[in-house]
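A short worksheet on the structure shown next.
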Amino acid sequence: MNRQTKLNSQGQEEAQQQSAAEQTQQAAGQEFATPEDLLRHDSLHTPVPPTIAHRLAESIGKTPPPPQSWWRRLLGGSNQ
Amino acid sequence: MKTTVSEPVAERRRSSAPQASARWRKGQGTVVPAPLAHSDTPLEALGDSKFADIYNEHSQAIYYLSLRLLSDPEKAQDATHDVFLKAFRKMDQFRGESSWRTWLYRIAINHCRNLQQGWNERHMLSNADDAIWETTAAKSDSPLRVLETKELGQRIQKALDGLPPEYRLLLLLVADEQLSYEQVGALTDQTSDAVRGKLHRARKAFTVLFEKTA
């Protein structure tokens, strides 16, 4: 039981230290080993504008369902 | 480029892919980073279908590629819309020989290329441009330091715009952790060895240009 409490306490301390390290890192700026890392970071912080999905839903609504290929029609299968 | 990174950066690298897939996974919004949270809602407009799942999983990658290739948010929105509409119409032709991601990237690259064709013809870069990067005393082995993240997107765009189109595309594709060098090679019509070789020059060129934007 005591061991469990000690482990929890250690975990909290480590989390606090990690959080402090992250804050220091943010304050001092960020470092990227390669351009790809930088682009990955940028991509994660570039939201997809919600209007695209709305426009797409509208466009799809106006589009007839994609035709089945000849072999699916022949076999009587479905698109699902 | 230096492969050793400081611990916080290494942590971020390890955690970036799972975060991305969690963000794209429908109905699991607990790991969604704050700036992106609002963009998940309109997915309901696409209904609960296989196509909605495909959009959910790949729209971020396709939008980002379009944005950085076209350098214009409005054009990137139009391109992303057109790419997914084209994919919807041609879903029946998808044979599963490649991944959805690769298939969508191929549509997006062709679409952006068509849009840019006129521009590229006017700004054709010769092979001599490679020599510029080779002879520049670039600190390509140094990590990229970013002190101010406020205008980071603009700086990245400026650096990418200065690159030959081939290098720009290569960096953007290699940055996607879901793609292997083989898949990047297939998308850019070259071998994976050629990708590796050009990637070195692309990184160097980007670093030179990015540092100039500071």
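In the structure tokens, chains take letters A, B, ... by order of appearance, with residues numbered from 1 within each chain and ligands from 1 in the order shown.
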
Backbone DSSP call of alpha helix (DSSP H) for range 42-81 of chain B, listed as number ranges by chain:
B: 50-70, 73-81

Any chance you could export the current selection's C-alpha atoms as a PDB file, in the first residue's frame?
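Final file, result_3.pdb:
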```
ATOM      1  CA  LYS B  50     -17.397   4.790 -45.823  1.00  0.00           C
ATOM      2  CA  PHE B  51     -16.671   7.979 -47.699  1.00  0.00           C
ATOM      3  CA  ALA B  52     -17.132  10.045 -44.525  1.00  0.00           C
ATOM      4  CA  ASP B  53     -14.564   7.815 -42.848  1.00  0.00           C
ATOM      5  CA  ILE B  54     -12.161   8.339 -45.746  1.00  0.00           C
ATOM      6  CA  TYR B  55     -12.643  12.114 -45.564  1.00  0.00           C
ATOM      7  CA  ASN B  56     -12.280  11.997 -41.810  1.00  0.00           C
ATOM      8  CA  GLU B  57      -8.981  10.177 -42.017  1.00  0.00           C
ATOM      9  CA  HIS B  58      -7.308  11.894 -44.956  1.00  0.00           C
ATOM     10  CA  SER B  59      -8.724  15.423 -45.364  1.00  0.00           C
ATOM     11  CA  GLN B  60      -6.079  16.958 -43.100  1.00  0.00           C
ATOM     12  CA  ALA B  61      -3.230  15.509 -45.176  1.00  0.00           C
ATOM     13  CA  ILE B  62      -4.821  16.472 -48.493  1.00  0.00           C
ATOM     14  CA  TYR B  63      -5.692  19.992 -47.348  1.00  0.00           C
ATOM     15  CA  TYR B  64      -2.203  20.586 -45.980  1.00  0.00           C
ATOM     16  CA  LEU B  65      -0.523  19.336 -49.157  1.00  0.00           C
ATOM     17  CA  SER B  66      -2.812  21.522 -51.295  1.00  0.00           C
ATOM     18  CA  LEU B  67      -2.247  24.536 -49.071  1.00  0.00           C
ATOM     19  CA  ARG B  68       1.522  24.295 -49.211  1.00  0.00           C
ATOM     20  CA  LEU B  69       1.639  23.470 -52.924  1.00  0.00           C
ATOM     21  CA  LEU B  70      -0.754  26.231 -53.976  1.00  0.00           C
ATOM     22  CA  PRO B  73      -5.891  28.957 -48.461  1.00  0.00           C
ATOM     23  CA  GLU B  74      -8.867  29.589 -50.755  1.00  0.00           C
ATOM     24  CA  LYS B  75      -7.359  27.637 -53.640  1.00  0.00           C
ATOM     25  CA  ALA B  76      -6.435  24.881 -51.199  1.00  0.00           C
ATOM     26  CA  GLN B  77     -10.048  24.679 -50.001  1.00  0.00           C
ATOM     27  CA  ASP B  78     -11.283  24.435 -53.591  1.00  0.00           C
ATOM     28  CA  ALA B  79      -8.635  21.836 -54.415  1.00  0.00           C
ATOM     29  CA  THR B  80      -9.465  19.693 -51.369  1.00  0.00           C
ATOM     30  CA  HIS B  81     -13.147  19.838 -52.251  1.00  0.00           C
TER      31      HIS B  81
END
```

For range 167-171 of chain B: contacts at 9 Å, only C-alpha atoms, fewer than 2 positions along chain excluded, given as a PyMOL selection string
(chain A and resi 35-36+39) or (chain B and resi 65+68-69+109+160-165+173-176+184-185+188+195+198-199+201-203+205-206)

Nearest-residue call for Ala33 in chain A, choices B:Glu182, B:Gln93, B:Pro143, B:Gly153, using only C-alpha atoms:
B:Pro143

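The gap separating CA of Thr51 in chain A from CA of Asp37 in chain A is 28.0 Å, in Å to one decimal.
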
Within 6 Å of chain B, which residues of chain A show up when using only C-alpha atoms, listed as a compact mmCIF listing (two decimals) with C-alpha atoms, in the first residue's frame?
```txt
# COMPACT_ATOMS: atom_id res chain seq x y z
CA GLY A 29 11.28 28.33 -28.61
CA GLN A 30 11.15 25.04 -30.42
CA GLU A 31 13.73 22.99 -32.21
CA PHE A 32 13.14 20.69 -35.15
CA ALA A 33 15.74 18.18 -36.23
CA GLU A 36 9.95 17.19 -42.15
CA ARG A 40 4.64 17.75 -39.45
CA PRO A 47 -7.03 23.05 -39.23
CA VAL A 48 -9.11 21.87 -42.17
CA PRO A 50 -15.14 23.25 -41.95
CA ILE A 52 -14.96 22.06 -47.22
CA ALA A 53 -17.05 19.25 -45.70
CA HIS A 54 -20.24 21.31 -46.07
CA LEU A 56 -18.55 18.50 -50.36
CA ALA A 57 -21.78 17.21 -48.82
CA PRO A 66 -21.20 6.14 -58.76
```

Would you work out the distance separating CA of Ala214 in chain B from CA of His200 in chain B, expressed in Å to one decimal?
22.0 Å
